[in-house]
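This is final-v5.txt (compact mmCIF, C-alpha atoms).
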```
# COMPACT_ATOMS: atom_id res chain seq x y z
CA MET A 96 -0.54 12.79 95.58
CA ALA A 97 3.03 12.39 96.78
CA MET A 98 4.60 11.98 93.35
CA PRO A 99 3.28 15.19 91.76
CA ARG A 100 4.41 17.12 94.79
CA PHE A 101 7.90 15.64 94.52
CA HIS A 102 8.20 16.59 90.87
CA THR A 103 7.03 20.06 91.60
CA VAL A 104 9.62 20.48 94.27
CA ALA A 105 12.34 18.99 92.06
CA ALA A 106 11.42 21.31 89.21
CA PHE A 107 11.52 24.25 91.54
CA VAL A 108 14.99 23.26 92.80
CA VAL A 109 16.35 22.84 89.28
CA PHE A 110 14.94 26.21 88.34
CA ALA A 111 16.53 27.83 91.36
CA VAL A 112 19.92 26.24 90.71
CA SER A 113 19.80 27.32 87.06
CA ALA A 114 18.89 30.84 88.00
CA ALA A 115 21.72 30.99 90.52
CA TRP A 116 24.20 29.71 87.95
CA VAL A 117 23.01 32.24 85.41
CA LEU A 118 23.26 35.01 87.94
CA THR A 119 26.69 33.87 89.08
CA GLY A 120 27.98 33.79 85.55
CA GLU A 121 26.63 37.27 84.84
CA PHE A 122 28.28 38.80 87.87
CA SER A 123 31.57 37.14 87.00
CA SER A 124 31.37 38.51 83.52
CA ILE A 125 30.67 41.97 84.83
CA GLY A 126 33.59 41.75 87.23
CA SER A 127 35.91 40.51 84.50
CA ALA A 128 34.84 43.31 82.23
CA ALA A 129 35.50 45.85 85.00
CA ASP A 130 38.96 44.44 85.57
CA ASP A 131 39.75 44.59 81.86
CA ALA A 132 38.57 48.19 81.70
CA GLY A 133 40.78 49.10 84.70
CA GLU A 134 43.78 47.49 83.09
CA ALA A 135 43.12 49.44 79.93
CA GLU A 136 42.98 52.68 81.84
CA VAL A 137 46.34 51.94 83.49
CA GLU A 138 48.02 51.14 80.22
CA VAL A 139 46.89 54.39 78.52
CA GLU A 140 49.20 57.33 79.46
CA ALA A 141 47.50 60.56 80.38
CA PRO A 142 48.50 63.47 78.10
CA ALA A 143 51.06 65.81 79.77
CA PRO A 144 49.83 69.31 80.56
CA GLU A 145 51.02 71.97 78.20
CA ALA A 146 54.33 73.42 79.55
CA THR A 147 54.34 77.15 80.33
CA THR A 148 57.47 79.34 80.71
CA THR A 149 57.67 82.62 82.65
CA THR A 150 59.92 85.45 81.53
CA ARG A 151 60.71 88.10 84.08
CA THR A 152 60.33 91.74 83.21
CA VAL A 153 63.20 94.07 84.08
CA GLY A 154 63.73 97.79 83.73
CA VAL A 155 66.68 98.96 81.64
CA ILE A 156 68.29 102.26 80.69
CA GLU A 157 70.87 103.36 78.16
CA PRO A 158 73.35 105.25 80.39
CA GLU A 159 74.85 108.63 79.60
CA PHE A 160 78.64 108.52 79.66
CA ILE A 161 80.61 111.37 81.23
CA ASP A 162 84.24 112.28 81.87
CA HIS A 163 84.85 112.25 85.61
CA ASN A 164 87.98 112.52 87.73
CA ARG A 165 88.75 109.41 89.71
CA ILE A 166 88.54 110.22 93.42
CA ILE A 167 90.71 108.19 95.80
CA ARG A 168 89.43 108.47 99.36
CA ILE A 169 91.63 107.65 102.33
CA SER A 170 91.54 108.36 106.04
CA GLY A 171 94.10 110.76 107.40
CA VAL A 172 95.03 113.26 110.06
CA THR A 173 96.31 116.81 109.97
CA ALA A 174 99.86 117.55 111.10
CA PRO A 175 102.12 120.62 111.32
CA ASP A 176 104.43 121.29 108.44
CA LYS A 177 107.25 121.60 110.98
CA ARG A 178 107.49 120.77 114.66
CA SER A 179 110.43 121.59 116.89
CA THR A 180 111.14 121.11 120.59
CA LEU A 181 113.18 124.14 121.62
CA ALA A 182 115.78 123.19 124.24
CA THR A 183 118.48 125.02 126.16
CA ARG A 184 121.98 124.88 124.72
CA SER A 185 123.73 125.59 127.99
CA ALA A 186 123.06 125.17 131.70
CA GLY A 187 121.92 128.11 133.78
CA ILE A 188 119.11 129.95 135.50
CA LEU A 189 116.24 131.02 133.27
CA GLY A 190 116.45 134.79 133.49
CA GLU A 191 113.85 135.82 130.90
CA LEU A 192 111.02 133.89 129.19
CA LYS A 193 109.78 135.96 126.27
CA VAL A 194 106.85 133.84 125.02
CA GLU A 195 103.61 132.27 126.22
CA LYS A 196 101.46 129.47 124.87
CA GLY A 197 99.72 130.45 121.66
CA ASP A 198 102.12 133.24 120.75
CA SER A 199 103.06 133.63 117.10
CA VAL A 200 106.75 134.08 116.41
CA VAL A 201 108.91 134.55 113.34
CA ALA A 202 112.26 133.00 112.62
CA GLY A 203 114.96 134.57 114.79
CA ASP A 204 112.68 135.74 117.60
CA VAL A 205 114.15 135.20 121.10
CA ILE A 206 112.26 132.58 123.08
CA LEU A 207 114.24 132.68 126.36
CA VAL A 208 117.51 133.95 127.83
CA LEU A 209 119.55 132.33 130.60
CA GLU A 210 121.41 134.44 133.12
CA GLY A 211 125.06 134.88 132.09
CA THR A 212 126.80 137.76 133.88
CA GLU A 213 130.05 135.82 134.20
CA ARG A 214 130.04 134.85 130.58
CA ASN A 215 129.41 138.40 129.44
CA ALA A 216 132.43 139.46 131.52
CA MET A 217 134.54 136.83 129.79
CA VAL A 218 133.54 138.35 126.46
CA GLU A 219 134.70 141.78 127.56
CA THR A 220 137.99 140.35 128.82
CA ALA A 221 138.56 138.50 125.57
CA ARG A 222 137.76 141.63 123.58
CA ALA A 223 140.29 143.70 125.59
CA LEU A 224 142.94 141.04 125.10
CA LEU A 225 142.26 140.99 121.39
CA ASP A 226 142.64 144.78 121.24
CA GLN A 227 146.00 144.51 123.02
CA ARG A 228 147.25 141.76 120.74
CA GLU A 229 146.27 143.77 117.66
CA LYS A 230 148.33 146.76 118.86
CA GLU A 231 151.30 144.58 119.69
CA ALA A 232 151.19 142.91 116.31
CA ALA A 233 151.06 146.29 114.59
CA ASN A 234 154.11 147.55 116.50
CA ILE A 235 156.14 144.41 115.76
CA GLU A 236 155.18 144.71 112.10
CA ARG A 237 156.65 148.22 111.91
CA LEU A 238 159.85 147.15 113.75
CA VAL A 239 160.38 144.22 111.42
CA GLU A 240 159.89 146.43 108.37
CA SER A 241 162.48 148.87 109.81
CA GLY A 242 164.91 146.02 110.41
CA ILE A 243 165.00 146.63 114.14
CA ALA A 244 163.16 143.43 115.16
CA PRO A 245 163.69 139.94 113.76
CA ILE A 246 161.08 138.25 111.65
CA THR A 247 160.51 135.64 114.37
CA GLN A 248 158.98 138.28 116.62
CA ARG A 249 156.44 139.11 113.90
CA ASP A 250 155.44 135.45 113.71
CA THR A 251 155.06 135.28 117.49
CA ALA A 252 152.90 138.41 117.51
CA ARG A 253 150.64 137.07 114.76
CA SER A 254 150.18 133.81 116.65
CA ALA A 255 149.23 135.66 119.85
CA LEU A 256 146.75 137.78 117.87
CA ALA A 257 145.09 134.70 116.38
CA SER A 258 144.79 133.12 119.84
CA ALA A 259 143.17 136.25 121.29
CA ARG A 260 140.70 136.39 118.40
CA SER A 261 139.79 132.70 118.98
CA GLN A 262 139.24 133.33 122.70
CA LEU A 263 136.83 136.18 121.92
CA GLU A 264 134.88 134.04 119.46
CA ALA A 265 134.61 131.22 121.99
CA ALA A 266 133.41 133.62 124.71
CA GLN A 267 130.84 135.14 122.34
CA ALA A 268 129.60 131.68 121.32
CA ASP A 269 129.23 130.76 124.99
CA VAL A 270 127.09 133.85 125.53
CA GLU A 271 124.99 133.09 122.43
CA ARG A 272 124.18 129.67 123.89
CA LEU A 273 122.38 131.46 126.71
CA THR A 274 119.71 132.52 124.20
CA VAL A 275 117.14 130.25 122.49
CA GLU A 276 115.70 131.58 119.23
CA ALA A 277 112.88 130.38 116.96
CA PRO A 278 114.33 128.41 114.03
CA PHE A 279 111.24 129.11 111.87
CA SER A 280 108.00 131.06 111.98
CA GLY A 281 105.13 129.42 113.79
CA VAL A 282 103.07 129.16 116.95
CA ILE A 283 104.29 128.36 120.46
CA ASP A 284 102.15 125.35 121.33
CA GLN A 285 103.64 124.44 124.71
CA VAL A 286 105.93 126.07 127.32
CA MET A 287 107.49 123.68 129.84
CA VAL A 288 109.74 126.00 131.93
CA GLU A 289 109.35 128.82 134.41
CA GLU A 290 111.45 131.93 134.95
CA GLY A 291 113.99 131.60 137.77
CA SER A 292 114.32 127.82 137.46
CA TRP A 293 117.63 126.09 136.94
CA LEU A 294 117.82 124.44 133.54
CA PRO A 295 120.45 121.91 132.56
CA SER A 296 121.85 121.90 129.04
CA GLY A 297 119.41 120.24 126.60
CA GLU A 298 116.31 120.85 128.79
CA PRO A 299 113.10 121.07 126.64
CA ALA A 300 111.67 124.55 127.06
CA ALA A 301 108.91 124.99 124.42
CA ILE A 302 107.30 123.37 121.40
CA LEU A 303 107.06 125.37 118.19
CA LEU A 304 104.64 124.40 115.40
CA GLN A 305 104.48 125.68 111.85
CA LEU A 306 100.86 125.39 110.73
CA ASP A 307 101.04 127.32 107.48
CA PRO A 308 100.90 125.22 105.50
CA VAL A 309 99.25 122.44 107.46
CA VAL A 310 99.73 118.87 106.19
CA ALA A 311 97.20 116.07 105.86
CA ARG A 312 98.85 112.68 106.15
CA GLY A 313 97.39 109.34 105.09
CA GLU A 314 98.27 106.08 103.38
CA VAL A 315 97.25 104.95 99.89
CA SER A 316 96.63 101.30 99.06
CA GLU A 317 98.67 99.27 96.58
CA ARG A 318 95.74 99.28 94.17
CA ASP A 319 95.38 103.09 94.10
CA ILE A 320 99.00 104.21 94.30
CA ALA A 321 99.28 104.18 90.50
CA TYR A 322 96.65 106.95 90.27
CA VAL A 323 98.40 109.35 92.69
CA GLU A 324 101.11 111.80 91.60
CA VAL A 325 103.01 114.61 93.29
CA GLY A 326 101.10 117.78 92.46
CA SER A 327 97.72 116.05 92.20
CA GLU A 328 94.83 118.13 93.48
CA ALA A 329 93.29 116.88 96.71
CA GLY A 330 90.33 117.87 98.83
CA VAL A 331 90.44 117.36 102.59
CA ARG A 332 87.20 117.03 104.56
CA LEU A 333 87.77 117.87 108.20
CA ILE A 334 85.85 116.35 111.09
CA SER A 335 83.98 119.65 111.35
CA GLY A 336 82.54 119.04 107.87
CA SER A 337 84.42 121.83 106.10
CA VAL A 338 86.38 120.95 102.96
CA VAL A 339 89.70 122.57 102.11
CA THR A 340 91.85 122.17 99.01
CA GLY A 341 95.52 121.28 98.74
CA GLU A 342 97.89 119.26 96.63
CA VAL A 343 99.95 116.12 97.07
CA ARG A 344 103.53 117.10 97.93
CA HIS A 345 105.05 113.76 98.89
CA ILE A 346 104.49 110.07 98.12
CA SER A 347 106.61 107.53 99.93
CA ARG A 348 108.34 105.06 97.64
CA GLU A 349 108.34 102.39 100.36
CA ALA A 350 105.18 100.74 101.66
CA THR A 351 104.46 100.36 105.34
CA ALA A 352 105.44 96.79 106.21
CA GLY A 353 102.35 95.90 108.23
CA THR A 354 99.68 97.33 105.91
CA ARG A 355 101.36 97.43 102.48
CA THR A 356 100.15 101.01 102.07
CA PHE A 357 102.13 104.06 100.96
CA PRO A 358 102.32 107.18 103.18
CA ILE A 359 101.47 110.46 101.44
CA GLU A 360 101.33 114.13 102.42
CA VAL A 361 98.89 116.77 101.18
CA GLU A 362 99.91 120.40 101.67
CA ILE A 363 97.06 122.77 102.60
CA PRO A 364 97.36 126.58 102.83
CA ASN A 365 96.52 127.71 106.38
CA PRO A 366 97.46 131.41 106.64
CA ASP A 367 95.29 132.11 109.69
CA ASN A 368 96.21 128.87 111.51
CA GLN A 369 92.53 127.92 111.71
CA ILE A 370 93.22 124.25 110.89
CA PRO A 371 94.86 122.62 113.91
CA ALA A 372 97.23 119.67 113.87
CA GLY A 373 95.99 116.23 114.90
CA MET A 374 92.46 116.56 113.45
CA THR A 375 90.80 113.58 111.75
CA ALA A 376 90.41 114.16 108.03
CA GLU A 377 89.23 112.41 104.87
CA ILE A 378 91.63 112.90 101.99
CA MET A 379 90.11 112.90 98.50
CA ILE A 380 92.78 112.77 95.82
CA LYS A 381 91.72 113.71 92.30
CA SER A 382 93.36 111.90 89.40
CA GLU A 383 93.01 112.14 85.62
CA PRO A 384 89.41 112.03 84.26
CA VAL A 385 88.06 108.75 82.91
CA THR A 386 84.93 107.73 80.99
CA ALA A 387 82.24 106.69 83.45
CA VAL A 388 78.50 106.59 84.19
CA LYS A 389 76.64 107.89 87.23
CA LEU A 390 74.10 105.45 88.65
CA PRO A 391 72.12 104.96 91.89
CA ARG A 392 73.75 102.81 94.55
CA SER A 393 70.85 100.33 94.39
CA VAL A 394 71.83 99.29 90.85
CA VAL A 395 75.10 97.69 91.94
CA THR A 396 74.85 93.95 92.63
CA LEU A 397 76.97 90.83 93.03
CA ASP A 398 77.50 87.88 90.74
CA GLU A 399 77.78 84.24 91.87
CA ALA A 400 81.50 84.69 92.57
CA GLY A 401 80.83 87.69 94.80
CA ASP A 402 82.25 90.27 92.37
CA LEU A 403 80.74 93.75 92.43
CA GLY A 404 79.20 94.85 89.16
CA LEU A 405 76.15 95.55 87.04
CA ARG A 406 73.69 93.31 85.25
CA ILE A 407 73.20 94.33 81.63
CA LEU A 408 70.92 93.33 78.78
CA ARG A 409 72.66 91.60 75.87
CA ALA A 410 71.55 91.89 72.26
CA ASP A 411 69.90 88.44 72.44
CA LYS A 412 67.72 89.61 75.38
CA THR A 413 69.71 87.59 77.90
CA VAL A 414 71.19 88.88 81.13
CA GLY A 415 74.92 89.60 81.30
CA PHE A 416 77.21 90.80 84.06
CA VAL A 417 80.11 93.28 83.97
CA THR A 418 82.46 94.12 86.81
CA ILE A 419 82.81 97.79 87.65
CA ASP A 420 85.48 100.23 88.76
CA LEU A 421 84.36 102.63 91.48
CA ILE A 422 85.50 106.08 90.34
CA ASP A 423 83.70 108.27 92.88
CA ASP A 424 80.93 108.25 95.47
CA THR A 425 78.82 111.40 95.21
CA PRO A 426 75.57 112.45 96.92
CA GLU A 427 73.78 111.90 93.59
CA GLY A 428 75.05 108.33 93.18
CA LEU A 429 78.05 106.21 92.28
CA VAL A 430 80.35 107.10 89.41
CA LEU A 431 81.37 103.81 87.81
CA GLY A 432 83.92 102.88 85.18
CA GLY A 433 84.30 99.70 83.15
CA VAL A 434 80.79 99.83 81.64
CA PRO A 435 80.65 98.96 77.91
CA GLU A 436 79.56 101.96 75.84
CA ASP A 437 76.78 100.01 74.09
CA ALA A 438 75.44 98.43 77.27
CA LYS A 439 71.84 98.59 78.44
CA ILE A 440 71.91 98.48 82.22
CA ILE A 441 69.28 96.64 84.22
CA ILE A 442 68.25 99.03 86.98
CA ALA A 443 65.06 97.32 88.16
CA GLY A 444 64.86 93.65 89.05
CA GLN A 445 68.59 93.05 88.70
CA ASP A 446 68.68 91.03 91.91
CA LEU A 447 65.91 88.69 90.73
CA VAL A 448 67.52 87.50 87.49
CA SER A 449 70.70 85.57 86.79
CA GLU A 450 73.29 85.63 84.04
CA GLY A 451 72.14 84.00 80.81
CA GLU A 452 68.44 84.26 81.66
CA ILE A 453 66.09 85.54 78.96
CA VAL A 454 64.13 88.56 80.15
CA ASN A 455 61.57 91.03 78.92
CA ALA A 456 63.17 94.50 79.01
CA VAL A 457 61.17 97.66 79.67
CA PRO A 458 62.83 101.09 79.22
CA VAL A 459 62.86 103.11 82.43
CA ASP A 460 63.55 106.78 83.07
CA ASP A 461 66.51 107.49 85.37
CA GLY A 462 64.27 109.35 87.77
CA LEU A 463 61.98 106.33 88.19
CA VAL A 464 64.61 103.84 89.30
CA ALA A 465 63.29 103.64 92.83
CA SER A 466 59.71 103.04 91.69
CA THR A 467 60.60 100.30 89.22
CA ASP A 468 62.06 97.87 91.71
CA ALA A 469 58.79 95.94 91.58
CA VAL A 470 58.88 95.48 87.81
CA ALA A 471 60.61 92.10 87.99
CA SER A 472 57.81 90.68 90.12
CA ARG A 473 55.48 90.69 87.11
CA PRO A 474 56.18 87.52 85.10
CA VAL A 475 55.14 87.36 81.47
CA GLN A 476 53.47 84.17 80.26
```

Let me see the file written as structure tokens.
Amino acid sequence: MAMPRFHTVAAFVVFAVSAAWVLTGEFSSIGSAADDAGEAEVEVEAPAPEATTTTRTVGVIEPEFIDHNRIIRISGVTAPDKRSTLATRSAGILGELKVEKGDSVVAGDVILVLEGTERNAMVETARALLDQREKEAANIERLVESGIAPITQRDTARSALASARSQLEAAQADVERLTVEAPFSGVIDQVMVEEGSWLPSGEPAAILLQLDPVVARGEVSERDIAYVEVGSEAGVRLISGSVVTGEVRHISREATAGTRTFPIEVEIPNPDNQIPAGMTAEIMIKSEPVTAVKLPRSVVTLDEAGDLGLRILRADKTVGFVTIDLIDDTPEGLVLGGVPEDAKIIIAGQDLVSEGEIVNAVPVDDGLVASTDAVASRPVQ
């Protein structure tokens, strides 16, 4: 009974070992196959996704060219055409002050008179002496012609006459120095003396201003001086907001050392003296007209170098850039020069594209510039 049982057990063991070997071999094969498949997947490159390009859409216009005067704007201040400090020409007591602040005077009007009783008396004395010398000279002249008196007496009489005449002129000039007169027509802006006060010679007594015409003074930069000429029309905007018209009457030929700018003067008619001196003003000088376009301020942009200009559409649908020349700044927009006549200007999306970039251009009406700023945000596949 023992032997059959042993063989049975042995057969069972062999069967189990064979089954385990078979199973082990199968799993190894499966694992090897999985590894081979993985290696194959690694070696095969995945196809690249199809590349897509986006082209920005921009709004463009074909600008209308106009002839426009270049306007050069500078800061300035109004000033009197003439300004004079009237001073005494002799020492004395102020006897009569004939003007007050704000009075209008014309050339030759008396401003003040110093007391001069003694000097007036000297004039009368000199005049009497002159009258005497004239009579003496006449008598000597008759005696010499009659042969009674020698010629030397005539010469002496003529010399005495000339001396008397000189004394009278000196006395009269001394009296004239007691009076101060207006050298030109204008307005008395200040009075610094009082009647009855003692005034030394050369004492400032009043300030006289000539405000018709009034002058606007400013300084033009080196870049703009070439566009300014004597006689050029100029508008002057006062701090009050009013605008008056004048013309350039003087351009300095020497620049101010510190600023390298050239002083100019604009003459403005001011018959009623309504424009005062010392008022802040903006001077707008008009030069010869140039070919330009008028565009909104939002269209102007900068290139990579920081230059101010416009982005334009080239014939090959790429973006270009042109620098501009600011001709004028009006309430309706900027007037710009330097724009090519065949240019299409990008007025929407110009800040979102760069030079050389291919774009999709959409025509835009001038009146819709503000509403087309969002056009460039719509890429085209």

**OP:** Choose the residue, out of A:Thr386, A:Glu436, A:Glu213, A:Asp307, that has the smallest atom-to-atom separation from Leu421 (chain A); count all atoms listed in the file.
**Re:**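 Result for the nearest residue to Leu421 (chain A): A:Thr386.
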
**OP:** Could you check which of A:Ser335, A:Leu224, A:Val282, A:Arg355 is closest to Val201 (chain A), using only C-alpha atoms?
**Re:** A:Val282

Original post:
Restricting the calculation to all atoms listed in the file, which member of A:Arg272, A:Lys230, A:Arg168, A:His345 is positioned closest to Ala182 (chain A)?
Top reply: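 Between A:Arg272, A:Lys230, A:Arg168, A:His345, the residue approaching Ala182 (chain A) most closely is A:Arg272.
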
**OP:** Considering only C-alpha atoms, return as a list in words whatever protein or nucleic-acid residues lie within 9 Å of region 286-294 of chain A, sequence-local ones (same chain, fewer than 4 positions apart) excluded.
**Re:**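 Residues meeting the cut-off are Thr183, Ser185, Ala186, Gly187, Ile188, Leu189, Gly190, Glu191, Leu192, Val194, Glu195, Lys196, Leu209, Glu298, Pro299, Ala300, Ala301 and Ile302 of chain A.
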
Same residues, C-alpha atoms, output as a PDB file, in the coordinates of the input:
```pdb
ATOM      1  CA  THR A 183     118.480 125.020 126.160  1.00  0.00           C
ATOM      2  CA  SER A 185     123.730 125.590 127.990  1.00  0.00           C
ATOM      3  CA  ALA A 186     123.060 125.170 131.700  1.00  0.00           C
ATOM      4  CA  GLY A 187     121.920 128.110 133.780  1.00  0.00           C
ATOM      5  CA  ILE A 188     119.110 129.950 135.500  1.00  0.00           C
ATOM      6  CA  LEU A 189     116.240 131.020 133.270  1.00  0.00           C
ATOM      7  CA  GLY A 190     116.450 134.790 133.490  1.00  0.00           C
ATOM      8  CA  GLU A 191     113.850 135.820 130.900  1.00  0.00           C
ATOM      9  CA  LEU A 192     111.020 133.890 129.190  1.00  0.00           C
ATOM     10  CA  VAL A 194     106.850 133.840 125.020  1.00  0.00           C
ATOM     11  CA  GLU A 195     103.610 132.270 126.220  1.00  0.00           C
ATOM     12  CA  LYS A 196     101.460 129.470 124.870  1.00  0.00           C
ATOM     13  CA  LEU A 209     119.550 132.330 130.600  1.00  0.00           C
ATOM     14  CA  GLU A 298     116.310 120.850 128.790  1.00  0.00           C
ATOM     15  CA  PRO A 299     113.100 121.070 126.640  1.00  0.00           C
ATOM     16  CA  ALA A 300     111.670 124.550 127.060  1.00  0.00           C
ATOM     17  CA  ALA A 301     108.910 124.990 124.420  1.00  0.00           C
ATOM     18  CA  ILE A 302     107.300 123.370 121.400  1.00  0.00           C
TER      19      ILE A 302
END
```

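Nearest to Arg332 (chain A) of all the residues A:Ile161, A:Gly171, A:Ser347, A:Ile283 is A:Gly171, based on only C-alpha atoms.
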
Subject >> Given only C-alpha atoms as the counted atoms, nearest of A:Glu383, A:Glu317, A:Asp226, A:Asp250 to Thr351 (chain A) >> reply: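 For Thr351 (chain A), the nearest of the candidates is A:Glu317.
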
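Of the residues listed (A:Asp398, A:Gln305, A:Glu427, A:Val434), A:Asp398 shows the shortest atom-to-atom separation from Leu447 (chain A); distances use only C-alpha atoms.
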
Subject >> Separation of CA of Val454 (chain A) from CA of Leu408 (chain A) in Å >> reply: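 Distance reported for this atom pair: 8.4 Å.
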
Original post:
Do you have the CA of Leu273 (chain A)-CA of Arg228 (chain A) distance handy?
Top reply: 27.6 Å
